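Content type PDB, C-alpha atoms, from the file data00.pdb:
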```
ATOM      1  CA  MET A1387     -77.721  -8.382  -0.447  1.00  0.00           C
ATOM      2  CA  SER A1388     -79.044  -6.539  -3.442  1.00  0.00           C
ATOM      3  CA  GLN A1389     -76.825  -4.534  -5.792  1.00  0.00           C
ATOM      4  CA  ASP A1390     -78.780  -1.354  -4.899  1.00  0.00           C
ATOM      5  CA  ARG A1391     -78.010  -1.691  -1.176  1.00  0.00           C
ATOM      6  CA  LEU A1392     -74.331  -2.347  -1.855  1.00  0.00           C
ATOM      7  CA  SER A1393     -74.099   0.711  -4.137  1.00  0.00           C
ATOM      8  CA  ARG A1394     -75.854   2.861  -1.542  1.00  0.00           C
ATOM      9  CA  ARG A1395     -73.447   1.678   1.164  1.00  0.00           C
ATOM     10  CA  ARG A1396     -70.429   2.467  -1.042  1.00  0.00           C
ATOM     11  CA  TRP A1397     -71.883   5.877  -1.837  1.00  0.00           C
ATOM     12  CA  LEU A1398     -72.404   6.656   1.880  1.00  0.00           C
ATOM     13  CA  ARG A1399     -68.837   5.590   2.748  1.00  0.00           C
ATOM     14  CA  THR A1400     -67.458   7.741  -0.059  1.00  0.00           C
ATOM     15  CA  ALA A1401     -69.586  10.729   0.992  1.00  0.00           C
ATOM     16  CA  ALA A1402     -68.453  10.345   4.634  1.00  0.00           C
ATOM     17  CA  ALA A1403     -64.794  10.199   3.576  1.00  0.00           C
ATOM     18  CA  LEU A1404     -65.189  13.306   1.409  1.00  0.00           C
ATOM     19  CA  ALA A1405     -66.905  15.198   4.223  1.00  0.00           C
ATOM     20  CA  ALA A1406     -64.141  14.271   6.676  1.00  0.00           C
ATOM     21  CA  ALA A1407     -61.487  15.450   4.226  1.00  0.00           C
ATOM     22  CA  ALA A1408     -63.323  18.773   3.790  1.00  0.00           C
ATOM     23  CA  VAL A1409     -63.385  19.632   7.515  1.00  0.00           C
ATOM     24  CA  PRO A1410     -60.095  21.627   7.455  1.00  0.00           C
ATOM     25  CA  ALA A1411     -61.387  23.663   4.524  1.00  0.00           C
ATOM     26  CA  LEU A1412     -64.515  24.446   6.508  1.00  0.00           C
ATOM     27  CA  GLY A1413     -62.564  26.308   9.153  1.00  0.00           C
ATOM     28  CA  ARG A1414     -61.232  23.833  11.680  1.00  0.00           C
ATOM     29  CA  ALA A1415     -58.948  25.854  13.944  1.00  0.00           C
ATOM     30  CA  ALA A1416     -55.276  25.765  12.983  1.00  0.00           C
ATOM     31  CA  THR A1417     -52.622  24.881  15.528  1.00  0.00           C
ATOM     32  CA  PRO A1418     -51.385  28.089  17.157  1.00  0.00           C
ATOM     33  CA  LEU A1419     -47.912  29.221  16.189  1.00  0.00           C
ATOM     34  CA  PRO A1420     -45.158  28.959  18.783  1.00  0.00           C
ATOM     35  CA  VAL A1421     -43.921  32.198  20.344  1.00  0.00           C
ATOM     36  CA  LEU A1422     -41.352  34.028  18.220  1.00  0.00           C
ATOM     37  CA  GLN A1423     -38.580  35.410  20.419  1.00  0.00           C
ATOM     38  CA  VAL A1424     -36.719  38.380  18.908  1.00  0.00           C
ATOM     39  CA  TRP A1425     -33.404  39.875  20.006  1.00  0.00           C
ATOM     40  CA  LYS A1426     -32.828  43.431  18.776  1.00  0.00           C
ATOM     41  CA  SER A1427     -31.637  46.899  19.699  1.00  0.00           C
ATOM     42  CA  PRO A1428     -34.251  48.909  21.636  1.00  0.00           C
ATOM     43  CA  SER A1429     -33.893  51.799  19.179  1.00  0.00           C
ATOM     44  CA  CYS A1430     -34.186  49.857  15.909  1.00  0.00           C
ATOM     45  CA  GLY A1431     -37.235  51.144  14.032  1.00  0.00           C
ATOM     46  CA  CYS A1432     -37.121  48.575  11.225  1.00  0.00           C
ATOM     47  CA  CYS A1433     -37.001  45.744  13.794  1.00  0.00           C
ATOM     48  CA  ASN A1434     -40.122  47.154  15.434  1.00  0.00           C
ATOM     49  CA  ASP A1435     -41.792  47.434  12.009  1.00  0.00           C
ATOM     50  CA  TRP A1436     -40.944  43.779  11.254  1.00  0.00           C
ATOM     51  CA  ILE A1437     -42.387  42.702  14.608  1.00  0.00           C
ATOM     52  CA  ALA A1438     -45.599  44.668  13.926  1.00  0.00           C
ATOM     53  CA  ILE A1439     -45.976  42.906  10.541  1.00  0.00           C
ATOM     54  CA  LEU A1440     -45.555  39.498  12.166  1.00  0.00           C
ATOM     55  CA  GLN A1441     -48.079  40.334  14.864  1.00  0.00           C
ATOM     56  CA  ARG A1442     -50.616  41.389  12.212  1.00  0.00           C
ATOM     57  CA  GLU A1443     -49.974  38.000  10.581  1.00  0.00           C
ATOM     58  CA  GLY A1444     -50.902  36.155  13.777  1.00  0.00           C
ATOM     59  CA  PHE A1445     -47.478  35.570  15.307  1.00  0.00           C
ATOM     60  CA  ARG A1446     -47.061  35.939  19.067  1.00  0.00           C
ATOM     61  CA  VAL A1447     -43.835  37.888  19.598  1.00  0.00           C
ATOM     62  CA  GLN A1448     -41.641  38.319  22.652  1.00  0.00           C
ATOM     63  CA  ALA A1449     -39.016  41.039  22.076  1.00  0.00           C
ATOM     64  CA  HIS A1450     -35.710  41.253  23.960  1.00  0.00           C
ATOM     65  CA  ASP A1451     -34.193  44.732  23.625  1.00  0.00           C
ATOM     66  CA  ILE A1452     -30.617  43.707  24.397  1.00  0.00           C
ATOM     67  CA  GLY A1453     -29.105  43.490  20.909  1.00  0.00           C
ATOM     68  CA  ASN A1454     -28.754  40.400  18.772  1.00  0.00           C
ATOM     69  CA  THR A1455     -25.044  39.764  18.137  1.00  0.00           C
ATOM     70  CA  ALA A1456     -24.453  37.550  21.167  1.00  0.00           C
ATOM     71  CA  MET A1457     -27.679  35.600  20.612  1.00  0.00           C
ATOM     72  CA  ARG A1458     -26.898  35.044  16.917  1.00  0.00           C
ATOM     73  CA  ALA A1459     -23.536  33.554  17.912  1.00  0.00           C
ATOM     74  CA  ARG A1460     -25.086  31.493  20.722  1.00  0.00           C
ATOM     75  CA  LEU A1461     -27.637  30.028  18.292  1.00  0.00           C
ATOM     76  CA  GLY A1462     -24.853  29.038  15.893  1.00  0.00           C
ATOM     77  CA  LEU A1463     -25.746  31.276  12.967  1.00  0.00           C
ATOM     78  CA  PRO A1464     -22.639  32.373  11.041  1.00  0.00           C
ATOM     79  CA  LEU A1465     -22.017  36.135  11.012  1.00  0.00           C
ATOM     80  CA  LYS A1466     -22.168  36.278   7.186  1.00  0.00           C
ATOM     81  CA  TYR A1467     -25.973  35.803   7.418  1.00  0.00           C
ATOM     82  CA  GLY A1468     -26.358  38.623   9.940  1.00  0.00           C
ATOM     83  CA  SER A1469     -28.922  41.392  10.066  1.00  0.00           C
ATOM     84  CA  CYS A1470     -30.269  43.776  12.687  1.00  0.00           C
ATOM     85  CA  HIS A1471     -32.412  41.252  14.594  1.00  0.00           C
ATOM     86  CA  THR A1472     -32.298  37.555  15.396  1.00  0.00           C
ATOM     87  CA  ALA A1473     -35.341  35.454  16.216  1.00  0.00           C
ATOM     88  CA  LEU A1474     -36.032  31.942  17.418  1.00  0.00           C
ATOM     89  CA  ILE A1475     -39.232  30.002  16.719  1.00  0.00           C
ATOM     90  CA  GLY A1476     -39.920  26.290  16.889  1.00  0.00           C
ATOM     91  CA  GLY A1477     -36.206  25.559  17.331  1.00  0.00           C
ATOM     92  CA  TYR A1478     -35.237  27.513  14.191  1.00  0.00           C
ATOM     93  CA  VAL A1479     -33.257  30.743  13.889  1.00  0.00           C
ATOM     94  CA  VAL A1480     -34.892  33.475  11.792  1.00  0.00           C
ATOM     95  CA  GLU A1481     -32.367  36.183  10.954  1.00  0.00           C
ATOM     96  CA  GLY A1482     -33.328  39.547   9.527  1.00  0.00           C
ATOM     97  CA  HIS A1483     -36.305  40.750   7.538  1.00  0.00           C
ATOM     98  CA  VAL A1484     -37.818  37.364   6.626  1.00  0.00           C
ATOM     99  CA  PRO A1485     -41.392  37.475   5.260  1.00  0.00           C
ATOM    100  CA  PRO A1486     -44.030  35.802   7.462  1.00  0.00           C
ATOM    101  CA  ARG A1487     -44.975  33.259   4.794  1.00  0.00           C
ATOM    102  CA  ASP A1488     -41.416  31.909   4.731  1.00  0.00           C
ATOM    103  CA  ILE A1489     -41.465  31.456   8.514  1.00  0.00           C
ATOM    104  CA  ARG A1490     -44.761  29.559   8.229  1.00  0.00           C
ATOM    105  CA  ARG A1491     -43.260  27.369   5.493  1.00  0.00           C
ATOM    106  CA  LEU A1492     -40.194  26.705   7.675  1.00  0.00           C
ATOM    107  CA  LEU A1493     -42.408  25.548  10.529  1.00  0.00           C
ATOM    108  CA  ALA A1494     -44.519  23.389   8.220  1.00  0.00           C
ATOM    109  CA  ASP A1495     -41.668  21.801   6.215  1.00  0.00           C
ATOM    110  CA  LYS A1496     -39.340  21.280   9.213  1.00  0.00           C
ATOM    111  CA  PRO A1497     -36.079  21.062   7.228  1.00  0.00           C
ATOM    112  CA  ASP A1498     -32.872  19.827   8.852  1.00  0.00           C
ATOM    113  CA  ALA A1499     -31.347  23.290   9.183  1.00  0.00           C
ATOM    114  CA  ILE A1500     -30.306  26.021  11.594  1.00  0.00           C
ATOM    115  CA  GLY A1501     -32.974  28.296  10.156  1.00  0.00           C
ATOM    116  CA  ILE A1502     -33.597  30.960   7.527  1.00  0.00           C
ATOM    117  CA  ALA A1503     -32.024  34.348   6.950  1.00  0.00           C
ATOM    118  CA  VAL A1504     -32.264  37.532   4.933  1.00  0.00           C
ATOM    119  CA  PRO A1505     -28.723  38.899   5.305  1.00  0.00           C
ATOM    120  CA  GLY A1506     -28.325  42.655   5.559  1.00  0.00           C
ATOM    121  CA  MET A1507     -31.317  44.935   5.362  1.00  0.00           C
ATOM    122  CA  PRO A1508     -32.720  44.897   1.796  1.00  0.00           C
ATOM    123  CA  VAL A1509     -35.126  47.724   1.043  1.00  0.00           C
ATOM    124  CA  GLY A1510     -38.583  46.361   0.279  1.00  0.00           C
ATOM    125  CA  SER A1511     -38.335  43.416   2.671  1.00  0.00           C
ATOM    126  CA  PRO A1512     -40.829  43.334   5.595  1.00  0.00           C
ATOM    127  CA  GLY A1513     -39.928  46.117   8.005  1.00  0.00           C
ATOM    128  CA  MET A1514     -37.765  47.823   5.392  1.00  0.00           C
ATOM    129  CA  ASP A1515     -40.766  48.811   3.292  1.00  0.00           C
ATOM    130  CA  GLY A1516     -42.050  51.958   4.997  1.00  0.00           C
ATOM    131  CA  PRO A1517     -42.958  55.221   3.284  1.00  0.00           C
ATOM    132  CA  GLU A1518     -39.462  56.595   3.871  1.00  0.00           C
ATOM    133  CA  TYR A1519     -38.199  54.174   1.183  1.00  0.00           C
ATOM    134  CA  GLY A1520     -40.689  55.317  -1.448  1.00  0.00           C
ATOM    135  CA  ASP A1521     -41.340  52.721  -4.127  1.00  0.00           C
ATOM    136  CA  ARG A1522     -37.823  51.278  -3.945  1.00  0.00           C
ATOM    137  CA  ARG A1523     -37.623  47.495  -3.875  1.00  0.00           C
ATOM    138  CA  ASP A1524     -34.261  45.728  -3.863  1.00  0.00           C
ATOM    139  CA  PRO A1525     -34.194  42.085  -4.940  1.00  0.00           C
ATOM    140  CA  TYR A1526     -33.289  39.675  -2.141  1.00  0.00           C
ATOM    141  CA  ASP A1527     -33.223  36.004  -1.268  1.00  0.00           C
ATOM    142  CA  VAL A1528     -34.319  34.178   1.854  1.00  0.00           C
ATOM    143  CA  LEU A1529     -31.625  31.614   2.572  1.00  0.00           C
ATOM    144  CA  LEU A1530     -32.038  28.247   4.265  1.00  0.00           C
ATOM    145  CA  VAL A1531     -28.969  27.986   6.516  1.00  0.00           C
ATOM    146  CA  LEU A1532     -27.867  24.385   6.826  1.00  0.00           C
ATOM    147  CA  ARG A1533     -26.245  22.858   9.892  1.00  0.00           C
ATOM    148  CA  ASP A1534     -22.777  22.919   8.274  1.00  0.00           C
ATOM    149  CA  GLY A1535     -23.035  26.710   7.811  1.00  0.00           C
ATOM    150  CA  THR A1536     -23.705  26.596   4.085  1.00  0.00           C
ATOM    151  CA  SER A1537     -26.947  27.835   2.595  1.00  0.00           C
ATOM    152  CA  ARG A1538     -29.296  27.490  -0.331  1.00  0.00           C
ATOM    153  CA  VAL A1539     -32.033  29.727  -1.627  1.00  0.00           C
ATOM    154  CA  TRP A1540     -35.341  29.151   0.188  1.00  0.00           C
ATOM    155  CA  ALA A1541     -37.286  31.936  -1.582  1.00  0.00           C
ATOM    156  CA  ARG A1542     -36.550  34.731  -4.078  1.00  0.00           C
ATOM    157  CA  TYR A1543     -38.087  38.192  -4.069  1.00  0.00           C
ATOM    158  CA  ARG A1544     -37.654  40.309  -7.190  1.00  0.00           C
TER     159      ARG A1544
END
```
Output the file's structure in the form of structure tokens.
Amino acid sequence: MSQDRLSRRRWLRTAAALAAAAVPALGRAATPLPVLQVWKSPSCGCCNDWIAILQREGFRVQAHDIGNTAMRARLGLPLKYGSCHTALIGGYVVEGHVPPRDIRRLLADKPDAIGIAVPGMPVGSPGMDGPEYGDRRDPYDVLLVLRDGTSRVWARYR
């Protein structure tokens, strides 16, 4: 076999491998996100705002307007991480006003954890960022809540 034919064959294999690797970048459909179930009060405006943000980001949401305290406890999330709504997606608890990108990261990274939480209701977080708050932005952290009830910072917003 001539050197030219061998080089051409190598070039074709390399080109085929590069093309296969580029397929996701060319728009291959992503796996759909699992349904995000949310437990909240029926009258909570910031919960509804958070849900609307997630829906705009491509999340499918199923809301349960029965409050969240009992569900938070049932899912094993310590009260100190509490907020006004509790969600469940892909086997993980999502507590409070967590940004959509952190939920996507949680689902992609699959850490050994209960879930993620934004304790309280920090102004400027998703759902707590409406016009009634003006330009106010409080710093906050998204916490990864580990199975032993401890946590570590998952993301910082300043």
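Between A:Gly1513 and the residues A:Pro1486, A:Pro1420, A:Gly1462, A:Gly1501, the shortest atom-to-atom distance, using all atoms listed in the file, involves A:Pro1486.
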* Measuring atom to atom with all atoms listed in the file, identify which of A:Asp1534, A:Glu1443, A:Asp1435, A:Asp1488 is nearest to A:Pro1517. => A:Asp1435
* Asked: What does the distance from atom CA of A:His1471 to atom CA of A:Leu1422 come to in Å, to one decimal?
  -> 12.1 Å
* To do: Please evaluate the PyMOL selection byres ((chain A and resi 1425) around 8) against the structure above and give the resulting residues as a ChimeraX atom specification.
  => /A:1423-1424,1426-1427,1449-1454,1457,1471-1473
* Taking all atoms listed in the file into account, which of A:Val1484, A:Ala1541, A:Cys1432, A:Leu1493 comes nearest A:Tyr1519? ->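 Looking at the shortest contact to A:Tyr1519, the residue is A:Cys1432.
For the atom pair formed by atom CA of A:Val1504 and atom CA of A:Val1528, the distance is 5.0 Å, given to one decimal.
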* Nearest to A:Tyr1526 among A:Arg1490, A:Arg1544, A:Lys1466, A:Arg1442, with distances taken over only C-alpha atoms: which residue is it? ->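 Nearest candidate to A:Tyr1526 out of A:Arg1490, A:Arg1544, A:Lys1466, A:Arg1442: A:Arg1544.
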Missing atoms in stretch 1482-1502 of chain A: fill them in up to N, CA, C and O atoms and send the result as a tab-separated table (two decimals), in the coordinates of the input.
```tsv
chain	number	residue	atom	x	y	z
A	1482	GLY	N	-33.04	38.43	10.42
A	1482	GLY	CA	-33.33	39.55	9.53
A	1482	GLY	C	-34.78	39.64	9.09
A	1482	GLY	O	-35.68	39.07	9.71
A	1483	HIS	N	-34.97	40.35	8.00
A	1483	HIS	CA	-36.30	40.75	7.54
A	1483	HIS	C	-36.97	39.66	6.69
A	1483	HIS	O	-37.29	39.86	5.51
A	1484	VAL	N	-37.21	38.52	7.29
A	1484	VAL	CA	-37.82	37.36	6.63
A	1484	VAL	C	-39.33	37.57	6.55
A	1484	VAL	O	-39.97	37.89	7.56
A	1485	PRO	N	-39.93	37.37	5.37
A	1485	PRO	CA	-41.39	37.48	5.26
A	1485	PRO	C	-42.11	36.40	6.09
A	1485	PRO	O	-41.63	35.27	6.23
A	1486	PRO	N	-43.27	36.75	6.64
A	1486	PRO	CA	-44.03	35.80	7.46
A	1486	PRO	C	-44.33	34.48	6.76
A	1486	PRO	O	-44.27	33.43	7.39
A	1487	ARG	N	-44.63	34.52	5.48
A	1487	ARG	CA	-44.98	33.26	4.79
A	1487	ARG	C	-43.80	32.29	4.75
A	1487	ARG	O	-43.99	31.07	4.77
A	1488	ASP	N	-42.57	32.80	4.73
A	1488	ASP	CA	-41.42	31.91	4.73
A	1488	ASP	C	-41.20	31.29	6.11
A	1488	ASP	O	-40.73	30.16	6.21
A	1489	ILE	N	-41.55	32.01	7.16
A	1489	ILE	CA	-41.46	31.46	8.51
A	1489	ILE	C	-42.51	30.35	8.66
A	1489	ILE	O	-42.23	29.28	9.20
A	1490	ARG	N	-43.72	30.60	8.18
A	1490	ARG	CA	-44.76	29.56	8.23
A	1490	ARG	C	-44.33	28.30	7.46
A	1490	ARG	O	-44.53	27.18	7.92
A	1491	ARG	N	-43.73	28.51	6.29
A	1491	ARG	CA	-43.26	27.37	5.49
A	1491	ARG	C	-42.17	26.61	6.25
A	1491	ARG	O	-42.15	25.37	6.24
A	1492	LEU	N	-41.25	27.33	6.89
A	1492	LEU	CA	-40.19	26.70	7.68
A	1492	LEU	C	-40.79	25.80	8.75
A	1492	LEU	O	-40.38	24.65	8.92
A	1493	LEU	N	-41.78	26.32	9.46
A	1493	LEU	CA	-42.41	25.55	10.53
A	1493	LEU	C	-43.18	24.34	10.00
A	1493	LEU	O	-43.25	23.31	10.65
A	1494	ALA	N	-43.75	24.49	8.81
A	1494	ALA	CA	-44.52	23.39	8.22
A	1494	ALA	C	-43.61	22.32	7.62
A	1494	ALA	O	-43.84	21.12	7.80
A	1495	ASP	N	-42.55	22.75	6.91
A	1495	ASP	CA	-41.67	21.80	6.22
A	1495	ASP	C	-40.66	21.13	7.14
A	1495	ASP	O	-40.20	20.03	6.86
A	1496	LYS	N	-40.29	21.81	8.22
A	1496	LYS	CA	-39.34	21.28	9.21
A	1496	LYS	C	-38.05	20.73	8.58
A	1496	LYS	O	-37.68	19.57	8.79
A	1497	PRO	N	-37.33	21.55	7.83
A	1497	PRO	CA	-36.08	21.06	7.23
A	1497	PRO	C	-35.00	20.85	8.29
A	1497	PRO	O	-35.07	21.43	9.38
A	1498	ASP	N	-34.01	20.03	7.97
A	1498	ASP	CA	-32.87	19.83	8.85
A	1498	ASP	C	-31.92	21.00	8.62
A	1498	ASP	O	-31.07	20.96	7.73
A	1499	ALA	N	-32.09	22.05	9.39
A	1499	ALA	CA	-31.35	23.29	9.18
A	1499	ALA	C	-31.28	24.09	10.47
A	1499	ALA	O	-32.04	23.85	11.41
A	1500	ILE	N	-30.37	25.07	10.48
A	1500	ILE	CA	-30.31	26.02	11.59
A	1500	ILE	C	-31.52	26.94	11.53
A	1500	ILE	O	-32.14	27.24	12.53
A	1501	GLY	N	-31.85	27.39	10.32
A	1501	GLY	CA	-32.97	28.30	10.16
A	1501	GLY	C	-32.93	29.00	8.81
A	1501	GLY	O	-32.34	28.49	7.86
A	1502	ILE	N	-33.56	30.18	8.75
A	1502	ILE	CA	-33.60	30.96	7.53
A	1502	ILE	C	-33.12	32.38	7.81
A	1502	ILE	O	-33.23	32.86	8.94
```
